[in-house]
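Quick look at entry_16.cif (mmCIF, C-alpha atoms):
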```
data_entry
#
loop_
_atom_site.group_PDB
_atom_site.id
_atom_site.type_symbol
_atom_site.label_atom_id
_atom_site.label_comp_id
_atom_site.auth_asym_id
_atom_site.auth_seq_id
_atom_site.Cartn_x
_atom_site.Cartn_y
_atom_site.Cartn_z
ATOM 1 C CA MET V 1 66.109 -10.072 97.218
ATOM 2 C CA LYS V 2 62.752 -9.341 98.813
ATOM 3 C CA THR V 3 59.485 -10.412 97.186
ATOM 4 C CA ALA V 4 58.273 -6.817 96.986
ATOM 5 C CA ASP V 5 61.437 -5.749 95.180
ATOM 6 C CA PHE V 6 61.331 -8.617 92.749
ATOM 7 C CA ALA V 7 57.706 -7.892 91.913
ATOM 8 C CA LEU V 8 58.923 -4.794 90.056
ATOM 9 C CA ILE V 9 60.604 -7.033 87.465
ATOM 10 C CA ILE V 10 57.316 -8.021 85.833
ATOM 11 C CA PRO V 11 56.044 -4.538 84.852
ATOM 12 C CA VAL V 12 59.547 -3.425 83.863
ATOM 13 C CA ALA V 13 60.022 -6.506 81.674
ATOM 14 C CA ALA V 14 56.616 -5.991 80.085
ATOM 15 C CA ALA V 15 57.463 -2.370 79.295
ATOM 16 C CA LEU V 16 60.750 -3.378 77.688
ATOM 17 C CA VAL V 17 59.089 -5.970 75.479
ATOM 18 C CA LEU V 18 56.368 -3.575 74.379
ATOM 19 C CA SER V 19 59.045 -1.000 73.582
ATOM 20 C CA PHE V 20 60.801 -3.614 71.461
ATOM 21 C CA ALA V 21 57.589 -4.315 69.571
ATOM 22 C CA ALA V 22 57.195 -0.642 68.636
ATOM 23 C CA SER V 23 60.851 0.266 68.310
ATOM 24 C CA SER V 24 60.766 0.202 64.517
ATOM 25 C CA GLU V 25 57.908 2.713 64.437
ATOM 26 C CA ALA V 26 59.587 6.112 64.757
ATOM 27 C CA ASP V 27 56.709 8.274 63.510
ATOM 28 C CA ILE V 28 54.057 7.706 66.148
ATOM 29 C CA THR V 29 51.066 10.023 65.817
ATOM 30 C CA PRO V 30 49.224 11.215 68.938
ATOM 31 C CA ASP V 31 46.271 8.916 68.267
ATOM 32 C CA GLY V 32 48.473 5.831 68.152
ATOM 33 C CA HIS V 33 48.564 5.578 64.350
ATOM 34 C CA ARG V 34 51.082 6.445 61.662
ATOM 35 C CA ASP V 35 50.542 7.452 58.060
ATOM 36 C CA ILE V 36 51.281 5.132 55.154
ATOM 37 C CA ARG V 37 51.240 5.624 51.390
ATOM 38 C CA HIS V 38 48.467 3.841 49.494
ATOM 39 C CA ARG V 39 48.495 3.998 45.704
ATOM 40 C CA ILE V 40 46.467 2.599 42.815
ATOM 41 C CA VAL V 41 47.696 1.147 39.544
ATOM 42 C CA PHE V 42 45.643 0.184 36.487
ATOM 43 C CA GLU V 43 46.521 -2.918 34.551
ATOM 44 C CA ASP V 44 46.251 -2.770 30.787
ATOM 45 C CA SER V 45 42.904 -3.573 29.208
ATOM 46 C CA PRO V 46 41.107 -3.026 25.881
ATOM 47 C CA ALA V 47 38.769 -0.541 27.565
ATOM 48 C CA LEU V 48 41.681 1.526 28.864
ATOM 49 C CA GLU V 49 43.218 1.573 25.399
ATOM 50 C CA GLU V 50 39.966 2.877 23.946
ATOM 51 C CA HIS V 51 39.305 5.605 26.516
ATOM 52 C CA THR V 52 41.214 8.376 28.239
ATOM 53 C CA LEU V 53 40.817 8.128 31.976
ATOM 54 C CA ILE V 54 41.954 10.564 34.655
ATOM 55 C CA ALA V 55 41.960 10.501 38.460
ATOM 56 C CA SER V 56 41.188 13.647 40.432
ATOM 57 C CA PRO V 57 41.567 15.145 42.982
ATOM 58 C CA GLN V 58 44.643 13.460 44.402
ATOM 59 C CA ALA V 59 45.484 15.534 47.475
ATOM 60 C CA GLY V 60 43.364 18.216 49.022
ATOM 61 C CA PHE V 61 41.211 19.466 46.160
ATOM 62 C CA ASN V 62 44.120 19.513 43.742
ATOM 63 C CA GLY V 63 45.864 17.198 41.366
ATOM 64 C CA VAL V 64 44.926 15.534 38.100
ATOM 65 C CA VAL V 65 46.673 12.451 36.752
ATOM 66 C CA GLU V 66 46.114 10.844 33.369
ATOM 67 C CA ILE V 67 45.887 7.129 33.996
ATOM 68 C CA LYS V 68 48.406 4.947 32.207
ATOM 69 C CA PRO V 69 48.653 1.160 32.580
ATOM 70 C CA GLY V 70 51.340 0.125 35.030
ATOM 71 C CA GLU V 71 51.883 3.640 36.432
ATOM 72 C CA ALA V 72 50.869 3.873 40.089
ATOM 73 C CA PHE V 73 49.456 7.113 41.489
ATOM 74 C CA ASP V 74 48.235 8.545 44.773
ATOM 75 C CA PHE V 75 44.558 8.936 45.557
ATOM 76 C CA SER V 76 42.475 10.180 48.463
ATOM 77 C CA SER V 77 39.215 8.867 49.849
ATOM 78 C CA LYS V 78 39.087 11.838 52.196
ATOM 79 C CA TYR V 79 38.957 14.304 49.310
ATOM 80 C CA GLY V 80 36.913 12.079 47.038
ATOM 81 C CA THR V 81 39.197 10.917 44.237
ATOM 82 C CA ARG V 82 37.169 9.680 41.264
ATOM 83 C CA PHE V 83 38.015 8.183 37.896
ATOM 84 C CA TYR V 84 36.689 10.337 35.041
ATOM 85 C CA VAL V 85 36.296 9.417 31.385
ATOM 86 C CA VAL V 86 37.585 12.280 29.261
ATOM 87 C CA PRO V 87 35.234 12.898 26.312
ATOM 88 C CA PRO V 88 36.807 12.234 22.880
ATOM 89 C CA GLY V 89 38.521 15.287 21.454
ATOM 90 C CA THR V 90 38.737 16.976 24.861
ATOM 91 C CA ALA V 91 42.088 18.006 26.296
ATOM 92 C CA VAL V 92 43.098 16.465 29.593
ATOM 93 C CA PRO V 93 42.676 19.125 32.292
ATOM 94 C CA THR V 94 45.722 20.119 34.310
ATOM 95 C CA GLU V 95 43.809 21.326 37.370
ATOM 96 C CA PHE V 96 40.887 19.996 39.365
ATOM 97 C CA ASP V 97 37.649 21.625 38.235
ATOM 98 C CA ARG V 98 34.631 20.164 40.005
ATOM 99 C CA GLU V 99 32.096 21.932 37.808
ATOM 100 C CA LEU V 100 33.715 20.589 34.634
ATOM 101 C CA LEU V 101 34.433 17.078 35.864
ATOM 102 C CA ASP V 102 30.934 16.579 37.253
ATOM 103 C CA GLN V 103 29.714 16.614 33.648
ATOM 104 C CA TRP V 104 31.850 13.594 32.741
ATOM 105 C CA PRO V 105 31.132 9.905 33.441
ATOM 106 C CA SER V 106 32.941 8.831 36.586
ATOM 107 C CA THR V 107 33.204 6.285 39.368
ATOM 108 C CA ARG V 108 34.904 5.861 42.713
ATOM 109 C CA PRO V 109 37.891 3.565 43.355
ATOM 110 C CA PRO V 110 36.690 0.080 44.292
ATOM 111 C CA ARG V 111 38.748 0.164 47.510
ATOM 112 C CA GLY V 112 39.023 2.989 49.996
ATOM 113 C CA GLU V 113 42.354 4.583 50.809
ATOM 114 C CA ILE V 114 44.315 3.263 53.773
ATOM 115 C CA ARG V 115 45.568 6.502 55.313
ATOM 116 C CA SER V 116 47.113 5.117 58.485
ATOM 117 C CA VAL V 117 47.747 1.978 60.505
ATOM 118 C CA VAL V 118 48.297 1.286 64.196
ATOM 119 C CA ILE V 119 51.884 1.773 65.275
ATOM 120 C CA ALA V 120 52.401 -1.956 65.837
ATOM 121 C CA SER V 121 51.464 -2.783 62.252
ATOM 122 C CA PRO V 122 54.250 -3.912 59.897
ATOM 123 C CA VAL V 123 52.525 -2.206 56.950
ATOM 124 C CA ALA V 124 54.449 0.739 55.475
ATOM 125 C CA SER V 125 52.725 1.094 52.093
ATOM 126 C CA ALA V 126 49.989 -0.451 49.995
ATOM 127 C CA LEU V 127 49.236 -0.900 46.306
ATOM 128 C CA THR V 128 45.848 -1.746 44.843
ATOM 129 C CA THR V 129 45.656 -3.009 41.265
ATOM 130 C CA VAL V 130 42.469 -2.268 39.330
ATOM 131 C CA LYS V 131 41.149 -2.750 35.825
ATOM 132 C CA LEU V 132 38.871 -0.695 33.581
ATOM 133 C CA VAL V 133 36.423 -3.355 32.419
ATOM 134 C CA GLU V 134 34.204 -1.187 30.266
ATOM 135 C CA VAL V 135 32.561 2.177 29.880
ATOM 136 C CA ASN V 136 28.799 1.893 29.615
ATOM 137 C CA GLU V 137 25.867 4.300 29.863
ATOM 138 C CA ASP V 138 26.323 4.482 33.639
ATOM 139 C CA GLY V 139 29.994 5.371 33.386
ATOM 140 C CA PRO V 140 33.305 3.532 33.777
ATOM 141 C CA VAL V 141 33.297 0.095 35.378
ATOM 142 C CA VAL V 142 36.447 -0.402 37.445
ATOM 143 C CA GLU V 143 37.149 -3.629 39.307
ATOM 144 C CA GLU V 144 39.821 -4.508 41.825
ATOM 145 C CA VAL V 145 42.306 -7.104 40.596
ATOM 146 C CA GLY V 146 44.627 -7.314 43.581
ATOM 147 C CA HIS V 147 45.845 -5.628 46.731
ATOM 148 C CA VAL V 148 49.341 -5.876 48.203
ATOM 149 C CA GLU V 149 50.842 -4.413 51.358
ATOM 150 C CA PHE V 150 54.569 -3.881 51.963
ATOM 151 C CA ASN V 151 56.865 -3.444 54.953
ATOM 152 C CA ARG V 152 59.492 -0.731 55.337
ATOM 153 C CA SER V 153 62.063 -2.649 53.321
ATOM 154 C CA GLY V 154 59.618 -2.943 50.414
ATOM 155 C CA SER V 155 58.957 -6.654 50.849
ATOM 156 C CA GLU V 156 55.445 -7.950 50.308
ATOM 157 C CA LEU V 157 53.636 -8.796 53.534
ATOM 158 C CA THR V 158 52.015 -12.202 53.393
ATOM 159 C CA PRO V 159 49.512 -13.315 56.058
ATOM 160 C CA THR V 160 52.263 -15.471 57.574
ATOM 161 C CA LYS V 161 54.684 -12.544 57.869
ATOM 162 C CA LYS V 162 51.984 -10.423 59.487
ATOM 163 C CA ALA V 163 51.239 -13.166 61.986
ATOM 164 C CA VAL V 164 54.925 -13.501 62.889
ATOM 165 C CA HIS V 165 55.225 -9.746 63.355
ATOM 166 C CA TYR V 166 52.375 -9.655 65.845
ATOM 167 C CA THR V 167 52.996 -12.921 67.675
ATOM 168 C CA THR V 168 56.765 -12.598 68.247
ATOM 169 C CA PRO V 169 56.519 -9.743 70.808
ATOM 170 C CA ILE V 170 53.612 -11.534 72.505
ATOM 171 C CA ALA V 171 55.648 -14.733 72.742
ATOM 172 C CA VAL V 172 58.612 -12.834 74.189
ATOM 173 C CA LEU V 173 56.347 -11.111 76.703
ATOM 174 C CA ALA V 174 54.763 -14.414 77.728
ATOM 175 C CA ALA V 175 58.191 -16.020 78.171
ATOM 176 C CA THR V 176 59.403 -13.037 80.216
ATOM 177 C CA ILE V 177 56.388 -13.173 82.508
ATOM 178 C CA PHE V 178 56.782 -16.940 82.916
ATOM 179 C CA VAL V 179 60.444 -16.635 83.902
ATOM 180 C CA ALA V 180 59.636 -13.755 86.227
ATOM 181 C CA ALA V 181 56.889 -15.804 87.889
ATOM 182 C CA VAL V 182 59.221 -18.772 88.398
ATOM 183 C CA LEU V 183 61.903 -16.547 89.943
ATOM 184 C CA TRP V 184 59.322 -14.745 92.062
ATOM 185 C CA ARG V 185 58.112 -18.083 93.441
ATOM 186 C CA LYS V 186 61.713 -19.147 94.106
ATOM 187 C CA TYR V 187 62.560 -15.980 96.036
ATOM 188 C CA ARG V 188 59.256 -16.114 97.873
ATOM 189 C CA ASN V 189 60.201 -19.570 99.160
ATOM 190 C CA VAL V 190 63.638 -18.255 100.117
ATOM 191 C CA ASP V 191 62.073 -15.389 102.053
ATOM 192 C CA ALA V 192 59.748 -17.818 103.793
ATOM 193 C CA GLY V 193 62.700 -20.015 104.763
ATOM 194 C CA GLU V 194 64.635 -17.064 106.150
ATOM 195 C CA SER V 195 61.634 -15.991 108.183
ATOM 196 C CA LYS V 196 61.301 -19.446 109.719
ATOM 197 C CA GLY V 197 65.017 -19.508 110.513
ATOM 198 C CA SER V 198 64.768 -16.140 112.283
ATOM 199 C CA THR V 199 61.857 -17.227 114.459
ATOM 200 C CA ALA V 200 63.583 -20.458 115.367
#
```
Have the structure of the file written as structure tokens, please.
Amino acid sequence: MKTADFALIIPVAAALVLSFAASSEADITPDGHRDIRHRIVFEDSPALEEHTLIASPQAGFNGVVEIKPGEAFDFSSKYGTRFYVVPPGTAVPTEFDRELLDQWPSTRPPRGEIRSVVIASPVASALTTVKLVEVNEDGPVVEEVGHVEFNRSGSELTPTKKAVHYTTPIAVLAATIFVAAVLWRKYRNVDAGESKGSTA
């Protein structure tokens, strides 16, 4: 095998390893990202028991959801989802009405929506837990309690699992390049020996 021919092994091996790293990501968007689902869930609290809270809009400029403890729902930072306190004695609206809702006390979610991740990311969905602390003269006070991200199988992604996901392909690539370099050096020496034998 000639040195020039063997040199092709390195880029081919690198391409194969990178393909392996992204093989589980079928839905690759043109910009190198893929969409994930990010939802919010409220934990129970005295303030939530005392007040009726809704989230709107959810998608586009549509969607109204009455917030219940333990029931996760979709939200959208792009379209400006807010949490509104429904005045006592007022029926919960079934459609998004900006003019009406702007009259009610409201606040934004404490964490922005994660709409997409890079294709190499193990994250498939996310869930943010929040709590209605109180409703004061400035409006509802909502605090983040926790945030969890999950892989495609629904398992929680710990920092360790994320690190393994990213480092495994890199380690395989490094090992492949190392082996290729060793073999390249071996065949280079063989070529050099054959050249000397021919001249002799």
| task | Kindly resolve the PyMOL selection byres ((chain V and resi 127-138) around 10) on the present coordinates and return the residues as an NGL selection string. | result | :V and (37-51 or 53 or 69-70 or 72-74 or 83 or 85 or 105-107 or 109-114 or 125-126 or 139-150)
| Evaluating the PyMOL selection byres ((chain V and resi 87) around 10) on the displayed file yields which residues, as a VMD selection string? | chain V and resid 51 to 53 84 to 86 88 to 92 103 to 105
| task | Measure the distance from atom CA of V:Arg82 to atom CA of V:Glu156 in Å and round it to one decimal. | result |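 Between atom CA of V:Arg82 and atom CA of V:Glu156 the gap is 27.0 Å.
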Residues within 9 Å of V:Gly32, please, as a PDB file with C-alpha atoms, in the frame of the given file. Count all atoms listed in the file; anything in the same chain fewer than 6 positions from it doesn't count.
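Printed below is out-v2.pdb as written:
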```
ATOM      1  CA  VAL V 117      47.747   1.978  60.505  1.00  0.00           C
ATOM      2  CA  VAL V 118      48.297   1.286  64.196  1.00  0.00           C
ATOM      3  CA  ILE V 119      51.884   1.773  65.275  1.00  0.00           C
TER       4      ILE V 119
END
```
| request: Quick one: pull the distance between atom CA of V:Ser121 and atom CA of V:Thr158, Å, one decimal. | output: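 Between atom CA of V:Ser121 and atom CA of V:Thr158 the gap works out to 12.9 Å.
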| said: Could you check the closest approach to V:Ala55 for each of V:Thr81, V:Ser116, V:Ser155, V:Thr94 and tell me which residue wins, using only C-alpha atoms? | reply: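 That would be V:Thr81, the residue with the smallest distance to V:Ala55.
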| query | With all atoms listed in the file as the atoms that count, which of V:Val123, V:Val64, V:Glu95, V:Gln58 lies nearest to V:Ser77? | reply |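 Closest residue, counting all atoms listed in the file: V:Gln58.
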| field | Å distance separating atom CA of V:Ala59 from atom CA of V:Gly154, one decimal place | value | 23.4 Å
| request: Check the smallest atom-to-atom distance from each of V:Asn151, V:Asp97, V:Ile36, V:Asp31 to V:Ser56 using all atoms listed in the file, then report the winner. | output: V:Asp97
| Nearest residue to V:Tyr79 from the set V:Ala180, V:Arg34, V:Phe96, V:Leu157 (distances using only C-alpha atoms) |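 Nearest candidate to V:Tyr79 out of V:Ala180, V:Arg34, V:Phe96, V:Leu157: V:Phe96.
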